[in-house]
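Report on the structure given below.
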Amino acid sequence: MSNTEKGGLHRVRNFLSCRQVLNLLTMLGFMLNYALRVNLTIAIVDMVRPNVTDSSENGTLAGNGTAGNSSSSAVTTSSPDGVDVYEERFPWDTYQTNFVLGCFFWGYILTELPGGRLAELIGGRRVFGHSMLWASLLTLITPLAAHINYVVLIVVRVVLGFMLGASWPAIHPVAAVWIPPMERSKFMSNMMASSLGAAITMPICGYLISVAGWASVFYLTGAVGLLWSLAWFTFVYETPATHPRITAEERREIEEAIGTTTSKKRPSHVPWGQLLCSPAVWAIIICHGLAVFGFFTVVNQLPTFMSQILHFDIKQNGLFSSLPYLGKYVMAVASSYLADYLRKKGTLSTTATRKLFTTFALVIPGLLMILQVFLGYDATWSVTIFSLALFAHGAVTAGYLGNGLDIAPNFGGTIFGLANTLSSFGGFLSTWMVGALTYHDKSFHQWQIVFWILGATYISGAVVFAILGSGELQPWNNPPERVKISDVTQEEGVPLKNDK
């Protein structure tokens, strides 16, 4: 390599370190993760033929939709530019539409725990990258699946959930080997980029549908996902030791900061007995379950409340649809930087930091839900209260969200996979709860009961973590190996040179 080429490579390294590239691609990855998940939620409004009689009483899975193309109808709409857009719409009733939207979680729940453990064994880069790659390909064929058959679309959405379910816990093993402990709060805030993805995806997809039809939403998000996958596998490596472009200084900084908290050889087994008997683990699981239940209820049921009680179409308010998500991401980043700063300076211990930010992120929304009981009949107050609740909730990234990496970085993927598996039921439970309370009586009084439950749920999560939570490394993080298993060891990479 010539001196000129070496100089150019050195300038590139100085411009973006390997960790900065990892942070950037992780942030973009979670933005796309959410886009691949919610694109159908946006597009289905235009996919379904309006004024279809509800056939949910017949109990069939597909109903009229199983006929595929023979039962769909062609619709021609005009874009804002005056160009006619030819698109096909399907005669799905309310039951079938909700069935398509909800089947994603069937696959999503199945891979949370296995995905986290698999990432610990073979590397988070592979699991996270492949989950996004295959999800992008499935997104590209979604319009074709819808045109072929209603059941085919359901299968594609279930498999999509199966792929994306592994992505969330897979990022913890990546952080365990790449991110120094005092920088992990900032890194975990990248997971909240999913909120940023929502803020961007909603208006862009809405515009695309108006100018190019609903299928364009899937083509765009799928294509961008494929480009991201290419970049991920090109620029991200499993460990600093195996990265060909990392500088000796950056590698030394990472490895010395991490020390022995993350094993060079991945543990071949999980100490399930000690893990499941650990109060610190249950603090994460219970807190995450209660927090996600509250979050799912706020996000998923708010449009229903605004429509039924306030007669306010929340979906037409683009500003409201985006601002809470943007606010949540801003809070996630700001609180994470503050948390790492407090820990680095020694102002607060890791335990105190996690408990402080978890308390803020859950108690504030809890108190706001109680306030909603008394002021929720007013649309302006409701919009303000729910926006502030989502904003404050972003601080979970500095709280319990990355706490698994504090207490057991070798099993961070397993812990988060376990917590996310159980919390995924929160989406189903919140829908059932609201439905049961408002099925016969859709009055504001019934919704007040919902808000009381949410307030109690949020605050209970904070109390549990305050009592059981910990930021200390657990003794079972490095269990003795039962047998030598060569295929679960990390690649050692090239030896680190001591040249300055």
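Following the order of the structure tokens, first chain is A, next is B, and so on, with residues numbered from 1 inside each chain and ligands from 1 in the order they appear.
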
Could you find all residues in segment 320-468 of chain A that DSSP calls alpha helix (DSSP H) from the backbone, and write them as a VMD selection string? chain A and resid 320 to 345 350 to 375 379 to 393 403 to 407 412 to 438 444 to 468

What's the 7 Å shell around Val48 of chain A, counting only C-alpha atoms, without same-chain residues fewer than 5 positions away, as a list in words?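 Residues meeting the cut-off are Arg89, Phe90, Pro91 and Trp92 of chain A.
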
Within 9 Å of segment 386-396 of chain A, counting only C-alpha atoms, which residues qualify if same-chain residues fewer than 4 places away don't, as a PyMOL selection string? chain A and resi 189+192+291+295+298-299+302+320+323-336+354+357-362+364-369+372+381-382+400-402

Please, could you write that set of residues out with N, CA and C atoms as a CSV table (one decimal), in the first residue's frame?
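And here's selection-v9.csv as it stands now:
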chain,number,residue,atom,x,y,z
A,189,SER,N,-29.6,3.7,23.5
A,189,SER,CA,-30.6,4.7,23.0
A,189,SER,C,-30.8,4.5,21.5
A,192,MET,N,-34.2,3.1,20.6
A,192,MET,CA,-35.3,4.1,20.5
A,192,MET,C,-35.4,4.8,19.2
A,291,ALA,N,-44.0,-1.8,31.9
A,291,ALA,CA,-43.8,-0.6,31.1
A,291,ALA,C,-44.3,-0.8,29.6
A,295,PHE,N,-47.1,1.2,27.6
A,295,PHE,CA,-46.8,1.8,26.3
A,295,PHE,C,-47.7,1.4,25.2
A,298,VAL,N,-51.2,2.9,25.5
A,298,VAL,CA,-51.2,4.3,25.1
A,298,VAL,C,-51.1,4.4,23.6
A,299,VAL,N,-50.2,3.7,23.0
A,299,VAL,CA,-50.0,3.9,21.5
A,299,VAL,C,-51.1,3.3,20.7
A,302,LEU,N,-55.0,4.8,22.0
A,302,LEU,CA,-55.3,6.2,22.0
A,302,LEU,C,-56.2,6.7,20.8
A,320,PHE,N,-49.4,15.4,15.4
A,320,PHE,CA,-49.5,14.6,16.7
A,320,PHE,C,-48.9,13.2,16.4
A,323,LEU,N,-44.8,14.0,16.5
A,323,LEU,CA,-44.1,14.6,17.7
A,323,LEU,C,-43.9,13.8,18.9
A,324,PRO,N,-44.8,13.0,19.3
A,324,PRO,CA,-44.5,12.1,20.5
A,324,PRO,C,-43.4,11.2,20.3
A,325,TYR,N,-43.3,10.6,19.1
A,325,TYR,CA,-42.2,9.7,18.8
A,325,TYR,C,-40.9,10.4,18.7
A,326,LEU,N,-40.9,11.6,18.1
A,326,LEU,CA,-39.6,12.4,18.0
A,326,LEU,C,-39.2,12.8,19.5
A,327,GLY,N,-40.2,13.2,20.3
A,327,GLY,CA,-39.9,13.6,21.7
A,327,GLY,C,-39.3,12.4,22.4
A,328,LYS,N,-39.9,11.2,22.2
A,328,LYS,CA,-39.4,10.0,22.9
A,328,LYS,C,-37.9,9.7,22.6
A,329,TYR,N,-37.6,9.9,21.3
A,329,TYR,CA,-36.2,9.6,20.9
A,329,TYR,C,-35.2,10.7,21.4
A,330,VAL,N,-35.7,11.9,21.4
A,330,VAL,CA,-34.8,13.0,22.0
A,330,VAL,C,-34.6,12.7,23.5
A,331,MET,N,-35.6,12.3,24.2
A,331,MET,CA,-35.4,12.0,25.6
A,331,MET,C,-34.5,10.8,25.8
A,332,ALA,N,-34.6,9.8,25.0
A,332,ALA,CA,-33.8,8.6,25.1
A,332,ALA,C,-32.3,9.0,24.9
A,333,VAL,N,-32.0,9.8,23.9
A,333,VAL,CA,-30.6,10.2,23.7
A,333,VAL,C,-30.1,11.1,24.8
A,334,ALA,N,-30.9,12.1,25.2
A,334,ALA,CA,-30.4,13.0,26.2
A,334,ALA,C,-30.2,12.3,27.6
A,335,SER,N,-31.2,11.5,28.0
A,335,SER,CA,-31.1,10.8,29.3
A,335,SER,C,-29.9,9.8,29.3
A,336,SER,N,-29.7,9.2,28.1
A,336,SER,CA,-28.6,8.2,28.0
A,336,SER,C,-27.2,8.9,28.2
A,354,ARG,N,-29.5,3.6,37.2
A,354,ARG,CA,-30.5,2.8,36.6
A,354,ARG,C,-31.9,3.0,37.3
A,357,PHE,N,-33.3,6.8,36.7
A,357,PHE,CA,-33.9,7.0,35.4
A,357,PHE,C,-35.1,6.1,35.1
A,358,THR,N,-35.1,4.9,35.6
A,358,THR,CA,-36.3,4.0,35.5
A,358,THR,C,-37.5,4.7,36.3
A,359,THR,N,-37.2,5.2,37.4
A,359,THR,CA,-38.3,5.8,38.2
A,359,THR,C,-38.8,7.0,37.5
A,360,PHE,N,-38.0,7.9,36.9
A,360,PHE,CA,-38.4,9.0,36.1
A,360,PHE,C,-39.3,8.6,34.9
A,361,ALA,N,-38.8,7.5,34.2
A,361,ALA,CA,-39.4,7.1,33.0
A,361,ALA,C,-40.7,6.4,33.2
A,362,LEU,N,-41.0,5.9,34.4
A,362,LEU,CA,-42.3,5.2,34.6
A,362,LEU,C,-43.2,6.0,35.5
A,364,ILE,N,-43.5,9.3,36.0
A,364,ILE,CA,-44.0,10.5,35.3
A,364,ILE,C,-45.2,10.1,34.4
A,365,PRO,N,-45.1,9.1,33.5
A,365,PRO,CA,-46.2,8.6,32.7
A,365,PRO,C,-47.4,8.1,33.6
A,366,GLY,N,-47.0,7.5,34.8
A,366,GLY,CA,-48.0,7.0,35.7
A,366,GLY,C,-48.9,8.1,36.3
A,367,LEU,N,-48.2,9.2,36.7
A,367,LEU,CA,-48.9,10.3,37.2
A,367,LEU,C,-49.7,11.0,36.2
A,368,LEU,N,-49.2,11.1,35.0
A,368,LEU,CA,-49.9,11.7,33.8
A,368,LEU,C,-51.2,10.9,33.5
A,369,MET,N,-51.1,9.6,33.6
A,369,MET,CA,-52.3,8.8,33.4
A,369,MET,C,-53.4,9.1,34.4
A,372,GLN,N,-54.9,12.2,33.5
A,372,GLN,CA,-55.8,12.0,32.4
A,372,GLN,C,-57.2,11.6,32.9
A,381,TRP,N,-56.0,18.7,26.3
A,381,TRP,CA,-55.3,18.1,27.5
A,381,TRP,C,-54.9,16.7,27.2
A,382,SER,N,-55.7,15.9,26.5
A,382,SER,CA,-55.4,14.5,26.1
A,382,SER,C,-54.2,14.4,25.3
A,400,TYR,N,-33.8,0.7,32.9
A,400,TYR,CA,-33.7,-0.7,32.9
A,400,TYR,C,-33.4,-1.4,31.6
A,401,LEU,N,-33.5,-0.6,30.5
A,401,LEU,CA,-33.5,-1.3,29.2
A,401,LEU,C,-32.1,-1.9,28.9
A,402,GLY,N,-31.0,-1.3,29.3
A,402,GLY,CA,-29.7,-1.9,29.1
A,402,GLY,C,-29.1,-2.5,30.3

With distances taken over only C-alpha atoms, which residue among A:Ile467, A:Leu348, A:Gly412, A:Leu32 lies nearest Ala199 of chain A? A:Leu32

Give me, please, the distance in Å between atom CA of Thr26 of chain A and atom CA of Leu110 of chain A, quoted to one decimal.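 Separation between atom CA of Thr26 of chain A and atom CA of Leu110 of chain A: 22.8 Å.
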
Out of A:Ala248, A:Ile109, A:Ile385, A:Val464, which residue has the shortest atom-to-atom distance to Phe425 of chain A when counting only C-alpha atoms? A:Ile109

Counting only C-alpha atoms, which residue out of A:Leu437, A:Ala398, A:Leu422, A:Leu405 sits closest to Tyr108 of chain A?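 Among A:Leu437, A:Ala398, A:Leu422, A:Leu405, it is A:Leu422 that comes nearest to Tyr108 of chain A.
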
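If only C-alpha atoms are the atoms counted, then among A:Val45, A:His311, A:Gln274, A:Gly225 the closest residue to Gly213 of chain A is A:Val45.
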
Would you mind telling me which residue in A:Leu356, A:Ala462, A:Leu36, A:Leu468 lies nearest to Ser194 of chain A when using only C-alpha atoms? A:Leu36

Using only C-alpha atoms, the shortest atom-to-atom distance to Gly102 of chain A among A:Val38, A:Val127, A:Leu196, A:Ala241 belongs to A:Val38

Grab the atom CA of Val224 of chain A to atom CA of Leu28 of chain A distance for me, in Å with one decimal place.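 Computed distance, atom CA of Val224 of chain A to atom CA of Leu28 of chain A, equals 10.3 Å.
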
If you count only C-alpha atoms, which residues fall within 12 Å of Tyr237 of chain A, apart from same-chain ones fewer than 2 positions away, as a PDB file with N, CA, C and O atoms, in the first residue's frame?
ATOM      1  N   CYS A  18     -14.715   2.806  14.327  1.00  0.00           N
ATOM      2  CA  CYS A  18     -15.540   1.615  14.100  1.00  0.00           C
ATOM      3  C   CYS A  18     -16.767   1.612  15.002  1.00  0.00           C
ATOM      4  O   CYS A  18     -17.844   1.163  14.619  1.00  0.00           O
ATOM      5  N   ARG A  19     -16.615   2.129  16.227  1.00  0.00           N
ATOM      6  CA  ARG A  19     -17.761   2.212  17.129  1.00  0.00           C
ATOM      7  C   ARG A  19     -18.788   3.221  16.633  1.00  0.00           C
ATOM      8  O   ARG A  19     -20.002   3.009  16.773  1.00  0.00           O
ATOM      9  N   VAL A  21     -19.360   3.969  13.492  1.00  0.00           N
ATOM     10  CA  VAL A  21     -20.038   3.314  12.373  1.00  0.00           C
ATOM     11  C   VAL A  21     -21.080   2.334  12.901  1.00  0.00           C
ATOM     12  O   VAL A  21     -22.213   2.267  12.407  1.00  0.00           O
ATOM     13  N   LEU A  22     -20.709   1.570  13.934  1.00  0.00           N
ATOM     14  CA  LEU A  22     -21.639   0.626  14.544  1.00  0.00           C
ATOM     15  C   LEU A  22     -22.848   1.358  15.121  1.00  0.00           C
ATOM     16  O   LEU A  22     -23.994   0.929  14.931  1.00  0.00           O
ATOM     17  N   LEU A  25     -25.109   2.618  12.159  1.00  0.00           N
ATOM     18  CA  LEU A  25     -25.848   1.554  11.483  1.00  0.00           C
ATOM     19  C   LEU A  25     -26.878   0.914  12.415  1.00  0.00           C
ATOM     20  O   LEU A  25     -27.939   0.472  11.960  1.00  0.00           O
ATOM     21  N   GLY A 123     -22.907 -14.799  17.596  1.00  0.00           N
ATOM     22  CA  GLY A 123     -22.605 -13.389  17.364  1.00  0.00           C
ATOM     23  C   GLY A 123     -23.828 -12.580  16.992  1.00  0.00           C
ATOM     24  O   GLY A 123     -24.655 -12.995  16.170  1.00  0.00           O
ATOM     25  N   GLY A 124     -23.958 -11.402  17.609  1.00  0.00           N
ATOM     26  CA  GLY A 124     -25.100 -10.538  17.358  1.00  0.00           C
ATOM     27  C   GLY A 124     -25.125  -9.960  15.961  1.00  0.00           C
ATOM     28  O   GLY A 124     -26.190  -9.677  15.409  1.00  0.00           O
ATOM     29  N   ARG A 125     -23.940  -9.765  15.361  1.00  0.00           N
ATOM     30  CA  ARG A 125     -23.891  -9.214  14.003  1.00  0.00           C
ATOM     31  C   ARG A 125     -24.647 -10.106  13.026  1.00  0.00           C
ATOM     32  O   ARG A 125     -25.416  -9.619  12.193  1.00  0.00           O
ATOM     33  N   ARG A 126     -24.436 -11.400  13.117  1.00  0.00           N
ATOM     34  CA  ARG A 126     -25.094 -12.326  12.196  1.00  0.00           C
ATOM     35  C   ARG A 126     -26.605 -12.349  12.432  1.00  0.00           C
ATOM     36  O   ARG A 126     -27.387 -12.279  11.477  1.00  0.00           O
ATOM     37  N   PHE A 128     -28.656 -10.169  14.065  1.00  0.00           N
ATOM     38  CA  PHE A 128     -29.315  -8.903  13.773  1.00  0.00           C
ATOM     39  C   PHE A 128     -29.345  -8.637  12.266  1.00  0.00           C
ATOM     40  O   PHE A 128     -30.369  -8.237  11.710  1.00  0.00           O
ATOM     41  N   GLY A 129     -28.209  -8.869  11.606  1.00  0.00           N
ATOM     42  CA  GLY A 129     -28.114  -8.614  10.166  1.00  0.00           C
ATOM     43  C   GLY A 129     -29.028  -9.504   9.350  1.00  0.00           C
ATOM     44  O   GLY A 129     -29.741  -9.034   8.456  1.00  0.00           O
ATOM     45  N   VAL A 174     -24.002  -7.688  20.856  1.00  0.00           N
ATOM     46  CA  VAL A 174     -23.138  -6.779  20.091  1.00  0.00           C
ATOM     47  C   VAL A 174     -22.546  -5.731  21.028  1.00  0.00           C
ATOM     48  O   VAL A 174     -21.336  -5.463  21.008  1.00  0.00           O
ATOM     49  N   ALA A 175     -23.389  -5.135  21.856  1.00  0.00           N
ATOM     50  CA  ALA A 175     -22.917  -4.122  22.801  1.00  0.00           C
ATOM     51  C   ALA A 175     -21.945  -4.701  23.807  1.00  0.00           C
ATOM     52  O   ALA A 175     -20.995  -4.029  24.236  1.00  0.00           O
ATOM     53  N   VAL A 177     -19.580  -6.840  23.454  1.00  0.00           N
ATOM     54  CA  VAL A 177     -18.194  -6.989  22.984  1.00  0.00           C
ATOM     55  C   VAL A 177     -17.640  -5.730  22.328  1.00  0.00           C
ATOM     56  O   VAL A 177     -16.430  -5.622  22.131  1.00  0.00           O
ATOM     57  N   TRP A 178     -18.513  -4.774  22.007  1.00  0.00           N
ATOM     58  CA  TRP A 178     -18.059  -3.591  21.281  1.00  0.00           C
ATOM     59  C   TRP A 178     -18.087  -2.298  22.099  1.00  0.00           C
ATOM     60  O   TRP A 178     -17.328  -1.368  21.816  1.00  0.00           O
ATOM     61  N   ALA A 231     -24.786  -2.687   3.864  1.00  0.00           N
ATOM     62  CA  ALA A 231     -23.865  -1.844   4.634  1.00  0.00           C
ATOM     63  C   ALA A 231     -23.494  -2.508   5.956  1.00  0.00           C
ATOM     64  O   ALA A 231     -22.332  -2.463   6.389  1.00  0.00           O
ATOM     65  N   TRP A 232     -24.450  -3.133   6.629  1.00  0.00           N
ATOM     66  CA  TRP A 232     -24.205  -3.774   7.923  1.00  0.00           C
ATOM     67  C   TRP A 232     -23.164  -4.886   7.801  1.00  0.00           C
ATOM     68  O   TRP A 232     -22.202  -4.956   8.571  1.00  0.00           O
ATOM     69  N   PHE A 233     -23.346  -5.764   6.825  1.00  0.00           N
ATOM     70  CA  PHE A 233     -22.418  -6.884   6.671  1.00  0.00           C
ATOM     71  C   PHE A 233     -21.066  -6.444   6.110  1.00  0.00           C
ATOM     72  O   PHE A 233     -20.076  -7.152   6.248  1.00  0.00           O
ATOM     73  N   THR A 234     -21.020  -5.260   5.498  1.00  0.00           N
ATOM     74  CA  THR A 234     -19.748  -4.748   4.960  1.00  0.00           C
ATOM     75  C   THR A 234     -18.914  -4.059   6.029  1.00  0.00           C
ATOM     76  O   THR A 234     -17.697  -4.242   6.098  1.00  0.00           O
ATOM     77  N   PHE A 235     -19.549  -3.282   6.879  1.00  0.00           N
ATOM     78  CA  PHE A 235     -18.806  -2.412   7.797  1.00  0.00           C
ATOM     79  C   PHE A 235     -18.805  -2.857   9.257  1.00  0.00           C
ATOM     80  O   PHE A 235     -18.065  -2.300  10.062  1.00  0.00           O
ATOM     81  N   THR A 239     -16.419  -8.798  16.479  1.00  0.00           N
ATOM     82  CA  THR A 239     -15.632  -8.314  17.612  1.00  0.00           C
ATOM     83  C   THR A 239     -14.589  -7.318  17.123  1.00  0.00           C
ATOM     84  O   THR A 239     -14.230  -7.314  15.933  1.00  0.00           O
ATOM     85  N   PRO A 240     -14.051  -6.483  18.007  1.00  0.00           N
ATOM     86  CA  PRO A 240     -12.945  -5.600  17.612  1.00  0.00           C
ATOM     87  C   PRO A 240     -11.743  -6.385  17.095  1.00  0.00           C
ATOM     88  O   PRO A 240     -11.035  -5.925  16.193  1.00  0.00           O
ATOM     89  N   ALA A 241     -11.518  -7.572  17.645  1.00  0.00           N
ATOM     90  CA  ALA A 241     -10.352  -8.374  17.243  1.00  0.00           C
ATOM     91  C   ALA A 241     -10.448  -8.870  15.812  1.00  0.00           C
ATOM     92  O   ALA A 241      -9.424  -9.148  15.173  1.00  0.00           O
ATOM     93  N   THR A 242     -11.648  -9.001  15.275  1.00  0.00           N
ATOM     94  CA  THR A 242     -11.815  -9.517  13.912  1.00  0.00           C
ATOM     95  C   THR A 242     -12.053  -8.417  12.889  1.00  0.00           C
ATOM     96  O   THR A 242     -12.213  -8.706  11.703  1.00  0.00           O
ATOM     97  N   HIS A 243     -12.086  -7.165  13.330  1.00  0.00           N
ATOM     98  CA  HIS A 243     -12.345  -6.055  12.406  1.00  0.00           C
ATOM     99  C   HIS A 243     -11.053  -5.677  11.683  1.00  0.00           C
ATOM    100  O   HIS A 243     -10.060  -5.315  12.320  1.00  0.00           O
ATOM    101  N   PRO A 244     -11.040  -5.733  10.348  1.00  0.00           N
ATOM    102  CA  PRO A 244      -9.795  -5.461   9.607  1.00  0.00           C
ATOM    103  C   PRO A 244      -9.403  -3.992   9.546  1.00  0.00           C
ATOM    104  O   PRO A 244      -8.251  -3.669   9.254  1.00  0.00           O
ATOM    105  N   ARG A 245     -10.357  -3.082   9.837  1.00  0.00           N
ATOM    106  CA  ARG A 245     -10.051  -1.662   9.668  1.00  0.00           C
ATOM    107  C   ARG A 245      -9.908  -0.906  10.987  1.00  0.00           C
ATOM    108  O   ARG A 245      -9.695   0.300  10.989  1.00  0.00           O
ATOM    109  N   ILE A 246     -10.024  -1.603  12.098  1.00  0.00           N
ATOM    110  CA  ILE A 246      -9.952  -0.920  13.389  1.00  0.00           C
ATOM    111  C   ILE A 246      -8.507  -0.536  13.706  1.00  0.00           C
ATOM    112  O   ILE A 246      -7.564  -1.248  13.360  1.00  0.00           O
ATOM    113  N   GLN A 490     -15.487 -17.396  20.284  1.00  0.00           N
ATOM    114  CA  GLN A 490     -15.333 -16.270  19.374  1.00  0.00           C
ATOM    115  C   GLN A 490     -14.035 -16.412  18.608  1.00  0.00           C
ATOM    116  O   GLN A 490     -13.073 -17.001  19.072  1.00  0.00           O
ATOM    117  N   GLU A 491     -14.000 -15.831  17.428  1.00  0.00           N
ATOM    118  CA  GLU A 491     -12.754 -15.750  16.704  1.00  0.00           C
ATOM    119  C   GLU A 491     -11.829 -14.793  17.444  1.00  0.00           C
ATOM    120  O   GLU A 491     -12.216 -13.703  17.833  1.00  0.00           O
ATOM    121  N   GLY A 493      -9.123 -13.372  16.252  1.00  0.00           N
ATOM    122  CA  GLY A 493      -8.611 -12.278  15.430  1.00  0.00           C
ATOM    123  C   GLY A 493      -7.102 -12.194  15.511  1.00  0.00           C
ATOM    124  O   GLY A 493      -6.421 -13.070  16.056  1.00  0.00           O
TER     125      GLY A 493
END

So how far away is atom CA of Gly471 of chain A from atom CA of Ser349 of chain A, in Å?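 Those two atoms sit 7.9 Å apart.
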